[in-house]
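Structure data follow from target-v4.pdb (PDB, C-alpha atoms and all ligand atoms):
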MODEL        1
ATOM      1  CA  MET A   1       6.494  -1.126  18.679
ATOM      2  CA  LEU A   2       6.871  -1.266  14.922
ATOM      3  CA  VAL A   3       4.700   0.804  12.564
ATOM      4  CA  VAL A   4       4.609   0.018   8.843
ATOM      5  CA  LEU A   5       3.101   2.271   6.142
ATOM      6  CA  SER A   6       1.830   0.256   3.198
ATOM      7  CA  GLY A   7      -0.182  -0.062   0.009
ATOM      8  CA  GLY A   8      -0.901  -3.486  -1.514
ATOM      9  CA  THR A   9       1.638  -5.284  -3.722
ATOM     10  CA  GLY A  10       5.133  -4.083  -2.688
ATOM     11  CA  GLY A  11       3.945  -3.461   0.860
ATOM     12  CA  ALA A  12       2.543  -6.974   1.214
ATOM     13  CA  LYS A  13       5.828  -8.552   0.117
ATOM     14  CA  LEU A  14       7.876  -6.741   2.749
ATOM     15  CA  ILE A  15       5.193  -7.187   5.417
ATOM     16  CA  GLN A  16       5.220 -10.933   4.791
ATOM     17  CA  GLY A  17       8.940 -10.934   5.526
ATOM     18  CA  ILE A  18       8.554  -8.652   8.555
ATOM     19  CA  SER A  19       5.791 -10.846   9.999
ATOM     20  CA  GLU A  20       8.251 -13.726  10.208
ATOM     21  CA  GLU A  21      10.754 -11.596  12.116
ATOM     22  CA  VAL A  22       8.669  -9.791  14.740
ATOM     23  CA  ASP A  23       6.022 -10.611  17.303
ATOM     24  CA  PRO A  24       2.634  -9.750  15.697
ATOM     25  CA  SER A  25       1.508  -8.019  18.897
ATOM     26  CA  GLU A  26       4.279  -5.448  18.235
ATOM     27  CA  LEU A  27       3.258  -4.829  14.608
ATOM     28  CA  THR A  28       0.852  -2.095  13.446
ATOM     29  CA  ILE A  29       0.259  -1.548   9.732
ATOM     30  CA  ILE A  30      -1.197   1.757   8.554
ATOM     31  CA  CYS A  31      -2.768   1.013   5.224
ATOM     32  CA  ASN A  32      -3.762   3.159   2.257
ATOM     33  CA  THR A  33      -7.515   3.390   1.640
ATOM     34  CA  ALA A  34      -7.520   5.953  -1.186
ATOM     35  CA  ASP A  35      -7.786   3.051  -3.705
ATOM     36  CA  ASP A  36     -11.107   2.007  -2.129
ATOM     37  CA  PHE A  37     -14.097   2.025  -4.436
ATOM     38  CA  VAL A  38     -17.628   0.736  -4.849
ATOM     39  CA  LEU A  39     -18.383  -1.969  -7.421
ATOM     40  CA  HIS A  40     -21.603  -4.005  -7.768
ATOM     41  CA  GLY A  41     -22.772  -2.004  -4.746
ATOM     42  CA  LEU A  42     -19.932  -3.408  -2.611
ATOM     43  CA  HIS A  43     -17.244  -1.428  -0.766
ATOM     44  CA  ILE A  44     -13.854  -2.795  -1.842
ATOM     45  CA  SER A  45     -10.642  -1.949   0.045
ATOM     46  CA  PRO A  46      -7.914  -3.531  -2.124
ATOM     47  CA  ASP A  47      -4.904  -2.637   0.027
ATOM     48  CA  LEU A  48      -6.491  -3.509   3.389
ATOM     49  CA  ASP A  49      -7.534  -6.866   1.936
ATOM     50  CA  THR A  50      -4.170  -7.695   0.353
ATOM     51  CA  ILE A  51      -2.448  -7.092   3.691
ATOM     52  CA  MET A  52      -5.132  -9.015   5.621
ATOM     53  CA  TYR A  53      -4.963 -12.015   3.285
ATOM     54  CA  THR A  54      -1.149 -11.930   3.389
ATOM     55  CA  LEU A  55      -1.029 -12.007   7.189
ATOM     56  CA  ALA A  56      -3.804 -14.612   7.331
ATOM     57  CA  GLY A  57      -1.654 -16.841   5.093
ATOM     58  CA  VAL A  58      -4.347 -17.086   2.377
ATOM     59  CA  ALA A  59      -3.128 -14.498  -0.171
ATOM     60  CA  ASP A  60      -2.672 -15.448  -3.813
ATOM     61  CA  GLY A  61       1.034 -14.648  -4.064
ATOM     62  CA  SER A  62       1.259 -15.266  -7.788
ATOM     63  CA  LYS A  63      -1.515 -12.799  -8.694
ATOM     64  CA  GLY A  64      -0.597 -10.310  -5.952
ATOM     65  CA  TRP A  65      -4.301  -9.867  -5.063
ATOM     66  CA  GLY A  66      -7.181 -11.992  -3.828
ATOM     67  CA  ILE A  67      -7.300 -15.365  -2.075
ATOM     68  CA  GLN A  68      -5.301 -18.389  -3.231
ATOM     69  CA  ASP A  69      -7.271 -21.077  -5.104
ATOM     70  CA  ASP A  70     -10.341 -18.836  -5.159
ATOM     71  CA  THR A  71     -13.021 -19.585  -7.774
ATOM     72  CA  PHE A  72     -14.739 -17.024 -10.020
ATOM     73  CA  THR A  73     -18.237 -18.501 -10.419
ATOM     74  CA  THR A  74     -20.071 -15.369  -9.232
ATOM     75  CA  LEU A  75     -18.012 -13.166 -11.548
ATOM     76  CA  ALA A  76     -18.878 -15.392 -14.528
ATOM     77  CA  GLN A  77     -22.572 -15.162 -13.641
ATOM     78  CA  LEU A  78     -22.321 -11.378 -13.188
ATOM     79  CA  LYS A  79     -20.879 -11.212 -16.684
ATOM     80  CA  LYS A  80     -23.840 -13.186 -18.050
ATOM     81  CA  LEU A  81     -26.128 -10.712 -16.353
ATOM     82  CA  GLY A  82     -24.417  -7.828 -18.124
ATOM     83  CA  ALA A  83     -22.243  -6.506 -15.274
ATOM     84  CA  GLU A  84     -18.803  -5.008 -15.916
ATOM     85  CA  THR A  85     -16.141  -7.534 -14.939
ATOM     86  CA  TRP A  86     -12.868  -5.704 -15.607
ATOM     87  CA  PHE A  87     -12.171  -5.857 -11.865
ATOM     88  CA  GLN A  88     -11.811  -9.521 -10.936
ATOM     89  CA  LEU A  89     -13.409 -10.652  -7.697
ATOM     90  CA  GLY A  90     -13.149 -14.230  -6.465
ATOM     91  CA  ASP A  91     -16.012 -15.974  -4.677
ATOM     92  CA  GLN A  92     -14.312 -16.090  -1.263
ATOM     93  CA  ASP A  93     -13.004 -12.550  -1.718
ATOM     94  CA  LEU A  94     -16.584 -11.384  -2.395
ATOM     95  CA  ALA A  95     -17.559 -12.550   1.091
ATOM     96  CA  THR A  96     -15.136  -9.969   2.543
ATOM     97  CA  HIS A  97     -16.711  -7.176   0.488
ATOM     98  CA  ILE A  98     -20.268  -8.275   1.317
ATOM     99  CA  MET A  99     -19.464  -8.322   5.054
ATOM    100  CA  ARG A 100     -17.635  -4.975   4.959
ATOM    101  CA  THR A 101     -20.467  -3.324   3.025
ATOM    102  CA  ARG A 102     -23.115  -4.695   5.388
ATOM    103  CA  LEU A 103     -21.241  -3.462   8.469
ATOM    104  CA  LEU A 104     -20.621  -0.025   6.895
ATOM    105  CA  ARG A 105     -24.382   0.229   6.201
ATOM    106  CA  GLU A 106     -25.027  -0.666   9.849
ATOM    107  CA  GLY A 107     -22.915   2.365  10.775
ATOM    108  CA  LEU A 108     -19.628   0.777  11.880
ATOM    109  CA  PRO A 109     -16.455   2.713  10.949
ATOM    110  CA  LEU A 110     -13.989   1.059   8.553
ATOM    111  CA  SER A 111     -11.365   0.716  11.318
ATOM    112  CA  LYS A 112     -13.713  -1.365  13.532
ATOM    113  CA  ILE A 113     -14.787  -3.483  10.543
ATOM    114  CA  THR A 114     -11.146  -4.055   9.559
ATOM    115  CA  ALA A 115     -10.335  -5.197  13.107
ATOM    116  CA  ARG A 116     -13.310  -7.555  13.105
ATOM    117  CA  LEU A 117     -12.498  -9.122   9.720
ATOM    118  CA  ASN A 118      -8.846  -9.565  10.716
ATOM    119  CA  THR A 119      -9.812 -11.277  13.968
ATOM    120  CA  CYS A 120     -12.130 -13.634  12.050
ATOM    121  CA  LEU A 121      -9.277 -14.585   9.703
ATOM    122  CA  GLY A 122      -6.827 -15.099  12.591
ATOM    123  CA  VAL A 123      -4.597 -12.076  11.891
ATOM    124  CA  LYS A 124      -2.717 -11.167  15.074
ATOM    125  CA  ALA A 125      -1.029  -7.942  13.909
ATOM    126  CA  THR A 126      -3.001  -4.681  13.930
ATOM    127  CA  ILE A 127      -4.101  -3.347  10.530
ATOM    128  CA  LEU A 128      -5.435   0.219  10.597
ATOM    129  CA  PRO A 129      -6.990   2.035   7.644
ATOM    130  CA  MET A 130      -5.251   5.432   7.309
ATOM    131  CA  THR A 131      -8.666   7.063   7.848
ATOM    132  CA  ASP A 132     -12.314   6.142   8.390
ATOM    133  CA  ASP A 133     -13.294   8.999   6.082
ATOM    134  CA  ALA A 134     -13.855   8.830   2.322
ATOM    135  CA  VAL A 135     -10.629   9.744   0.479
ATOM    136  CA  GLU A 136     -10.243   8.876  -3.198
ATOM    137  CA  THR A 137      -7.237   9.031  -5.489
ATOM    138  CA  ARG A 138      -8.355  10.699  -8.743
ATOM    139  CA  VAL A 139      -6.326  10.625 -11.930
ATOM    140  CA  LYS A 140      -6.489  13.486 -14.438
ATOM    141  CA  THR A 141      -5.596  12.023 -17.824
ATOM    142  CA  SER A 142      -5.466  13.377 -21.366
ATOM    143  CA  GLN A 143      -8.936  11.762 -21.805
ATOM    144  CA  GLY A 144     -10.514  13.199 -18.641
ATOM    145  CA  GLU A 145     -10.628  12.477 -14.905
ATOM    146  CA  ILE A 146     -11.011   8.860 -13.743
ATOM    147  CA  SER A 147     -10.723   6.861 -10.523
ATOM    148  CA  PHE A 148      -7.471   5.102  -9.701
ATOM    149  CA  GLN A 149      -8.972   1.633 -10.316
ATOM    150  CA  GLU A 150     -10.257   2.709 -13.750
ATOM    151  CA  TYR A 151      -6.769   3.989 -14.595
ATOM    152  CA  PHE A 152      -4.851   1.078 -13.082
ATOM    153  CA  VAL A 153      -7.015  -1.981 -13.776
ATOM    154  CA  LYS A 154      -9.547  -1.051 -16.500
ATOM    155  CA  GLN A 155      -7.188   1.022 -18.650
ATOM    156  CA  ARG A 156      -4.015  -0.865 -17.604
ATOM    157  CA  TRP A 157      -2.230   2.436 -16.746
ATOM    158  CA  GLN A 158      -1.969   3.447 -20.397
ATOM    159  CA  PRO A 159      -3.592   6.945 -20.494
ATOM    160  CA  GLU A 160      -1.203   9.870 -20.200
ATOM    161  CA  VAL A 161      -1.434  11.213 -16.639
ATOM    162  CA  LYS A 162      -1.492  14.956 -16.066
ATOM    163  CA  GLU A 163      -2.113  15.052 -12.328
ATOM    164  CA  ILE A 164      -3.093  12.930  -9.342
ATOM    165  CA  PHE A 165      -5.028  14.244  -6.374
ATOM    166  CA  TYR A 166      -6.634  12.795  -3.252
ATOM    167  CA  ALA A 167     -10.275  13.915  -3.157
ATOM    168  CA  GLY A 168     -11.505  14.497   0.395
ATOM    169  CA  VAL A 169      -8.140  14.209   2.107
ATOM    170  CA  GLN A 170      -8.026  17.740   3.563
ATOM    171  CA  SER A 171     -11.113  17.130   5.669
ATOM    172  CA  SER A 172     -10.142  13.562   6.674
ATOM    173  CA  ASN A 173      -8.863  12.451  10.073
ATOM    174  CA  PRO A 174      -6.465   9.626  10.903
ATOM    175  CA  SER A 175      -8.436   6.578  12.046
ATOM    176  CA  PRO A 176      -8.437   5.831  15.794
ATOM    177  CA  GLY A 177      -5.063   4.495  16.932
ATOM    178  CA  VAL A 178      -3.006   5.759  13.977
ATOM    179  CA  ILE A 179      -1.361   8.757  15.679
ATOM    180  CA  GLU A 180      -1.014   6.849  18.969
ATOM    181  CA  ALA A 181       0.780   3.960  17.194
ATOM    182  CA  ILE A 182       3.189   6.393  15.502
ATOM    183  CA  GLU A 183       3.871   8.160  18.806
ATOM    184  CA  ARG A 184       4.586   4.858  20.556
ATOM    185  CA  ALA A 185       6.712   3.425  17.718
ATOM    186  CA  ARG A 186      10.413   2.726  18.107
ATOM    187  CA  ARG A 187      10.705   1.856  14.401
ATOM    188  CA  ILE A 188       8.675   3.123  11.438
ATOM    189  CA  ILE A 189       9.011   1.473   8.036
ATOM    190  CA  ILE A 190       7.865   3.045   4.771
ATOM    191  CA  CYS A 191       7.278   0.062   2.468
ATOM    192  CA  PRO A 192       8.389  -0.050  -1.185
ATOM    193  CA  SER A 193       4.845   0.939  -2.100
ATOM    194  CA  ASN A 194       3.807   3.414  -4.781
ATOM    195  CA  PRO A 195       4.902   6.838  -3.421
ATOM    196  CA  VAL A 196       2.088   8.648  -5.273
ATOM    197  CA  THR A 197      -0.930   6.363  -4.901
ATOM    198  CA  SER A 198      -0.165   4.336  -1.742
ATOM    199  CA  ILE A 199       2.191   6.217   0.628
ATOM    200  CA  GLY A 200       1.215   9.694  -0.710
ATOM    201  CA  PRO A 201      -2.421   9.455   0.448
ATOM    202  CA  ILE A 202      -1.411   8.142   3.915
ATOM    203  CA  LEU A 203       1.019  11.042   4.427
ATOM    204  CA  ALA A 204      -1.609  13.515   3.148
ATOM    205  CA  VAL A 205      -4.118  12.666   5.899
ATOM    206  CA  PRO A 206      -3.790  15.714   8.190
ATOM    207  CA  GLY A 207      -1.604  14.911  11.201
ATOM    208  CA  ILE A 208       0.075  11.707   9.970
ATOM    209  CA  ARG A 209       3.135  13.207   8.256
ATOM    210  CA  ASN A 210       3.803  15.521  11.179
ATOM    211  CA  ALA A 211       3.408  12.685  13.695
ATOM    212  CA  ILE A 212       6.080  10.667  11.838
ATOM    213  CA  LYS A 213       8.365  13.700  11.603
ATOM    214  CA  THR A 214       8.223  14.313  15.340
ATOM    215  CA  ALA A 215       8.112  10.644  16.432
ATOM    216  CA  ASN A 216      10.843   9.274  18.597
ATOM    217  CA  ALA A 217      11.502   6.430  16.140
ATOM    218  CA  SER A 218      13.959   5.525  13.409
ATOM    219  CA  VAL A 219      12.257   5.813  10.032
ATOM    220  CA  ILE A 220      13.433   3.448   7.302
ATOM    221  CA  GLY A 221      12.293   3.352   3.673
ATOM    222  CA  VAL A 222      12.771   0.925   0.784
ATOM    223  CA  SER A 223      12.679   2.015  -2.872
ATOM    224  CA  PRO A 224       9.990   0.570  -5.170
ATOM    225  CA  ILE A 225      11.998   1.829  -8.164
ATOM    226  CA  ILE A 226      15.156   0.429  -9.770
ATOM    227  CA  GLY A 227      16.808   2.560 -12.443
ATOM    228  CA  ASP A 228      14.006   4.661 -13.927
ATOM    229  CA  SER A 229      11.189   2.102 -13.600
ATOM    230  CA  ALA A 230       9.011   0.666 -10.867
ATOM    231  CA  ILE A 231       9.521  -3.057 -10.233
ATOM    232  CA  SER A 232       5.825  -3.389 -11.140
ATOM    233  CA  GLY A 233       3.032  -0.957 -11.982
ATOM    234  CA  PRO A 234       3.023   2.736 -12.879
ATOM    235  CA  ALA A 235       4.885   4.392  -9.962
ATOM    236  CA  HIS A 236       7.553   5.855 -12.271
ATOM    237  CA  LYS A 237       4.950   7.419 -14.601
ATOM    238  CA  LEU A 238       2.987   8.871 -11.701
ATOM    239  CA  MET A 239       6.159  10.231 -10.035
ATOM    240  CA  VAL A 240       6.926  12.170 -13.232
ATOM    241  CA  ALA A 241       3.310  13.422 -13.483
ATOM    242  CA  GLN A 242       3.662  14.801  -9.937
ATOM    243  CA  GLY A 243       6.941  16.572 -10.741
ATOM    244  CA  HIS A 244       9.337  14.062  -9.161
ATOM    245  CA  GLU A 245      12.257  12.250 -10.722
ATOM    246  CA  ALA A 246      11.438   8.609 -11.561
ATOM    247  CA  SER A 247      14.289   7.015  -9.586
ATOM    248  CA  ALA A 248      15.247   5.881  -6.090
ATOM    249  CA  LEU A 249      16.577   9.430  -5.575
ATOM    250  CA  GLY A 250      13.160  10.833  -6.537
ATOM    251  CA  VAL A 251      11.484   8.504  -4.007
ATOM    252  CA  ALA A 252      13.947   9.515  -1.257
ATOM    253  CA  GLN A 253      13.254  13.185  -2.012
ATOM    254  CA  THR A 254       9.500  12.720  -1.479
ATOM    255  CA  TYR A 255      10.232  11.398   2.050
ATOM    256  CA  VAL A 256      13.263  13.594   2.797
ATOM    257  CA  ASP A 257      11.703  15.160   5.908
ATOM    258  CA  LEU A 258      10.900  11.721   7.345
ATOM    259  CA  LEU A 259      13.639   9.206   6.561
ATOM    260  CA  ASP A 260      16.655   8.330   8.683
ATOM    261  CA  SER A 261      17.716   5.495   6.368
ATOM    262  CA  PHE A 262      16.831   4.314   2.879
ATOM    263  CA  LEU A 263      17.505   1.063   1.027
ATOM    264  CA  ILE A 264      18.003   1.143  -2.734
ATOM    265  CA  ASP A 265      18.981  -1.531  -5.225
ATOM    266  CA  LYS A 266      22.592  -2.517  -5.925
ATOM    267  CA  ALA A 267      22.009  -1.475  -9.532
ATOM    268  CA  ASP A 268      21.496   2.113  -8.266
ATOM    269  CA  GLU A 269      24.546   2.134  -5.988
ATOM    270  CA  GLU A 270      25.873   5.343  -7.579
ATOM    271  CA  LEU A 271      22.846   7.215  -6.113
ATOM    272  CA  CYS A 272      23.901   6.474  -2.507
ATOM    273  CA  GLY A 273      26.151   9.551  -2.261
ATOM    274  CA  LYS A 274      23.508  11.906  -3.704
ATOM    275  CA  ILE A 275      20.772  10.646  -1.375
ATOM    276  CA  GLN A 276      23.152  10.746   1.589
ATOM    277  CA  ARG A 277      23.859  14.429   0.904
ATOM    278  CA  SER A 278      20.216  15.137   1.770
ATOM    279  CA  GLY A 279      20.861  13.678   5.231
ATOM    280  CA  ILE A 280      19.483  10.162   4.688
ATOM    281  CA  LYS A 281      21.785   7.196   5.420
ATOM    282  CA  THR A 282      21.570   5.104   2.276
ATOM    283  CA  SER A 283      22.647   1.532   1.550
ATOM    284  CA  ALA A 284      22.481  -0.518  -1.624
ATOM    285  CA  THR A 285      21.271  -4.115  -1.465
ATOM    286  CA  SER A 286      19.036  -6.413  -3.481
ATOM    287  CA  ILE A 287      15.531  -4.931  -3.064
ATOM    288  CA  ARG A 288      13.687  -7.425  -5.287
ATOM    289  CA  MET A 289      11.454  -9.792  -3.321
ATOM    290  CA  ASP A 290      10.607 -12.599  -5.724
ATOM    291  CA  SER A 291      10.799 -15.403  -3.164
ATOM    292  CA  GLN A 292       9.867 -15.938   0.453
ATOM    293  CA  ALA A 293      13.580 -16.061   1.343
ATOM    294  CA  GLU A 294      14.170 -12.648  -0.303
ATOM    295  CA  LYS A 295      11.212 -11.092   1.526
ATOM    296  CA  ARG A 296      12.584 -12.301   4.833
ATOM    297  CA  ARG A 297      16.169 -11.277   4.079
ATOM    298  CA  LEU A 298      15.117  -7.737   3.086
ATOM    299  CA  ALA A 299      12.888  -7.505   6.164
ATOM    300  CA  ARG A 300      15.877  -8.453   8.346
ATOM    301  CA  GLU A 301      18.040  -5.802   6.691
ATOM    302  CA  VAL A 302      15.373  -3.136   7.194
ATOM    303  CA  LEU A 303      14.868  -4.094  10.836
ATOM    304  CA  ALA A 304      18.625  -4.114  11.450
ATOM    305  CA  LEU A 305      18.904  -0.587  10.027
ATOM    306  CA  ALA A 306      16.088   0.549  12.301
ATOM    307  CA  ASP A 307      17.954  -0.833  15.329
ATOM    308  CA  LYS A 308      21.192   1.006  14.549
TER     309      LYS A 308
HETATM  310  P1  LIG B   1      -0.530  -1.304  -4.832
HETATM  311  O1  LIG B   1      -1.502  -0.754  -3.841
HETATM  312  O2  LIG B   1      -0.907  -2.638  -5.393
HETATM  313  O3  LIG B   1      -0.070  -0.313  -5.850
HETATM  314  O4  LIG B   1       0.694  -1.719  -3.951
HETATM  315  P2  LIG B   1       1.971  -0.955  -3.393
HETATM  316  O5  LIG B   1       1.845   0.510  -3.594
HETATM  317  O6  LIG B   1       2.226  -1.469  -2.011
HETATM  318  O7  LIG B   1       3.068  -1.593  -4.325
HETATM  319  C1  LIG B   1       3.359  -1.147  -5.611
HETATM  320  C2  LIG B   1       4.843  -0.938  -5.705
HETATM  321  O8  LIG B   1       5.517  -2.112  -5.253
HETATM  322  C3  LIG B   1       5.326  -0.678  -7.110
HETATM  323  O9  LIG B   1       5.757   0.658  -7.226
HETATM  324  C4  LIG B   1       6.469  -1.690  -7.300
HETATM  325  O10 LIG B   1       7.606  -1.149  -7.927
HETATM  326  C5  LIG B   1       6.761  -2.142  -5.887
HETATM  327  N1  LIG B   1       7.262  -3.512  -5.845
HETATM  328  C6  LIG B   1       6.665  -4.610  -6.353
HETATM  329  N2  LIG B   1       7.444  -5.701  -6.142
HETATM  330  C7  LIG B   1       8.564  -5.259  -5.488
HETATM  331  C8  LIG B   1       9.746  -5.916  -5.002
HETATM  332  O11 LIG B   1       9.919  -7.121  -5.122
HETATM  333  N3  LIG B   1      10.667  -5.116  -4.367
HETATM  334  C9  LIG B   1      10.482  -3.762  -4.209
HETATM  335  N4  LIG B   1      11.460  -3.067  -3.613
HETATM  336  N5  LIG B   1       9.390  -3.129  -4.667
HETATM  337  C10 LIG B   1       8.438  -3.873  -5.290
ENDMDL
END
Show me this structure written as structure tokens.
Amino acid sequence: MLVVLSGGTGGAKLIQGISEEVDPSELTIICNTADDFVLHGLHISPDLDTIMYTLAGVADGSKGWGIQDDTFTTLAQLKKLGAETWFQLGDQDLATHIMRTRLLREGLPLSKITARLNTCLGVKATILPMTDDAVETRVKTSQGEISFQEYFVKQRWQPEVKEIFYAGVQSSNPSPGVIEAIERARRIIICPSNPVTSIGPILAVPGIRNAIKTANASVIGVSPIIGDSAISGPAHKLMVAQGHEASALGVAQTYVDLLDSFLIDKADEELCGKIQRSGIKTSATSIRMDSQAEKRRLAREVLALADK
């Protein structure tokens, strides 16, 4: 059994590679839901959807979100009607949010809805939300407190960040199957996802971090940072706001109690010794995944490390 912890963008790239290397019946993805939010009255789960669309083979790889060749007719009409349209939603993508919202209103938990949507789209791997409870990443900026989507999409991660916190996480529970999957896993992979806003919330759900720590599995991580910057997005800024170093070393330190092995970029090779001193086997390779071939090659390297 293989368990993968993931957000959206960086996670989806590695998961695409992994899905070509392992039997989907062996693959369980535990996905961040602290980016979820309500817009136009619809419950949107950006990370769950990115992973679902990726594994269904319909993701828009160039944008990194949404469905390929989707149209934006409804969004254009919403704009005419005076709605805010800073968060882009394609017409086919909207169907996912309409269905999810309807089923939530009927009382189904997010985990059951996620399973149902994935089955409808032909996804064979298991995708589990980290929790069925409401957890929300909040960003305290110099201009006040905002949601993660307002910070990331509306304000294009420009405001100065003072602190990040996960509202509701202390009273949340892992969704059904999460702890069991970790306990059964032989390999656990921490994707090159944002350590603060994607992996951080998953590990903050009571019980998950401890289950990984005590699991009888090799735990492998991949850095989302090269040098002092994230490959995309604000991970480096948010690491600093949370008191961590913005580097592959800083990422390794946030998972030091969990990792057996860590992959960093060749450009950061000089950090291998430092990270290794904290007890994590560290190798330098190319961690950029700009093509399908690179995703698959990195996935193979990660899986090989887990088998050692
Ligand atoms: P989000 O929910 O969209 O923020 O998605 P993730 O948290 O899964 O991914 C964001 C992270 O992916 C960023 O910190 C990026 O640096 C990282 N990332 C994006 N592309 C790549 C890549 O090709 N290789 C690696 N190693 N990391 C990447």
Review point. Using the chain letters and numbers from the file, which residues does the PyMOL selection byres (((chain A and resi 212-224) around 7) and not hetatm) grab, as a PyMOL selection string?
Key: chain A and resi 182-183+185-194+208-211+225-226+230-231+248+251+257-264+302+306
Long-range neighbours of Leu108 (chain A) as an mmCIF file with C-alpha atoms, keeping the file's coordinate frame, 12 Å cut-off, all atoms listed in the file, 6 positions minimum in chain:
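So the final result, stored in out_29.cif, reads:
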data_model
loop_
_atom_site.group_PDB
_atom_site.id
_atom_site.type_symbol
_atom_site.label_atom_id
_atom_site.label_comp_id
_atom_site.auth_asym_id
_atom_site.auth_seq_id
_atom_site.Cartn_x
_atom_site.Cartn_y
_atom_site.Cartn_z
ATOM 1 C CA MET A 99 -19.464 -8.322 5.054
ATOM 2 C CA ARG A 100 -17.635 -4.975 4.959
ATOM 3 C CA THR A 101 -20.467 -3.324 3.025
ATOM 4 C CA ARG A 102 -23.115 -4.695 5.388
ATOM 5 C CA THR A 114 -11.146 -4.055 9.559
ATOM 6 C CA ALA A 115 -10.335 -5.197 13.107
ATOM 7 C CA ARG A 116 -13.310 -7.555 13.105
ATOM 8 C CA ASP A 132 -12.314 6.142 8.390
ATOM 9 C CA ASP A 133 -13.294 8.999 6.082
#
Check your understanding: How would you write, as a ChimeraX atom specification, the residues chosen by the PyMOL selection byres (((chain A and resi 69) around 9) and not hetatm) on this structure?
Key -> /A:58,60,67-68,70-71
Review point. Using all atoms listed in the file, which of A:Gly17, A:Gly273, A:Pro195, A:Gly122 sits nearest ligand LIG 1 (chain B)?
Key: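 Among A:Gly17, A:Gly273, A:Pro195, A:Gly122, it is A:Pro195 that comes nearest to ligand LIG 1 (chain B).
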Exercise for review: Using all atoms listed in the file, determine which residues lie at most 8 Å from Gly66 (chain A), disregarding the query and same-chain residues fewer than 6 positions distant; provide the list as a PyMOL selection string.
Suggested key: chain A and resi 49-50+53+59-60+89-90+93
Practice item. Please measure the separation of CA of Leu271 (chain A) and CA of Asp307 (chain A), giving the value in Å to one decimal. Key: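 About the pair CA of Leu271 (chain A) and CA of Asp307 (chain A): they are 23.4 Å apart.
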**Study point:** Nearest to Asp290 (chain A), chosen from A:Val123, A:Trp65, A:Ser232, A:Pro109, with all atoms listed in the file counted in the distances
**Key:**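 The shortest atom-to-atom distance to Asp290 (chain A) comes from A:Ser232.
This file gives the following result for the PyMOL selection byres (((chain A and resi 128) around 8) and not hetatm): A:Thr28, A:Ile29, A:Ile30, A:Cys31, A:Ser111, A:Thr114, A:Ala115, A:Thr126, A:Ile127, A:Pro129, A:Met130, A:Ser175, A:Gly177, A:Val178.
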Practice item. List the neighbours of Lys13 (chain A) out to 10 Å using only C-alpha atoms; skip same-chain residues closer than 5 positions along the sequence, and give me the result as a PyMOL selection string. Key: chain A and resi 8+18+51+54+61+64+191-193+288-292+294-296+298-299
Review point. So how far away is CA of Ser278 (chain A) from CA of Pro201 (chain A), in Å?
Key: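 Calculated distance between CA of Pro201 (chain A) and CA of Ser278 (chain A) is 23.4 Å.
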Check your understanding: With all atoms listed in the file as the basis for distance, which of A:Glu163, A:Asp228, A:Glu145, A:Glu180 is at the shortest distance from Val196 (chain A)?
Key ->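 Smallest distance to Val196 (chain A) is found for A:Glu163.
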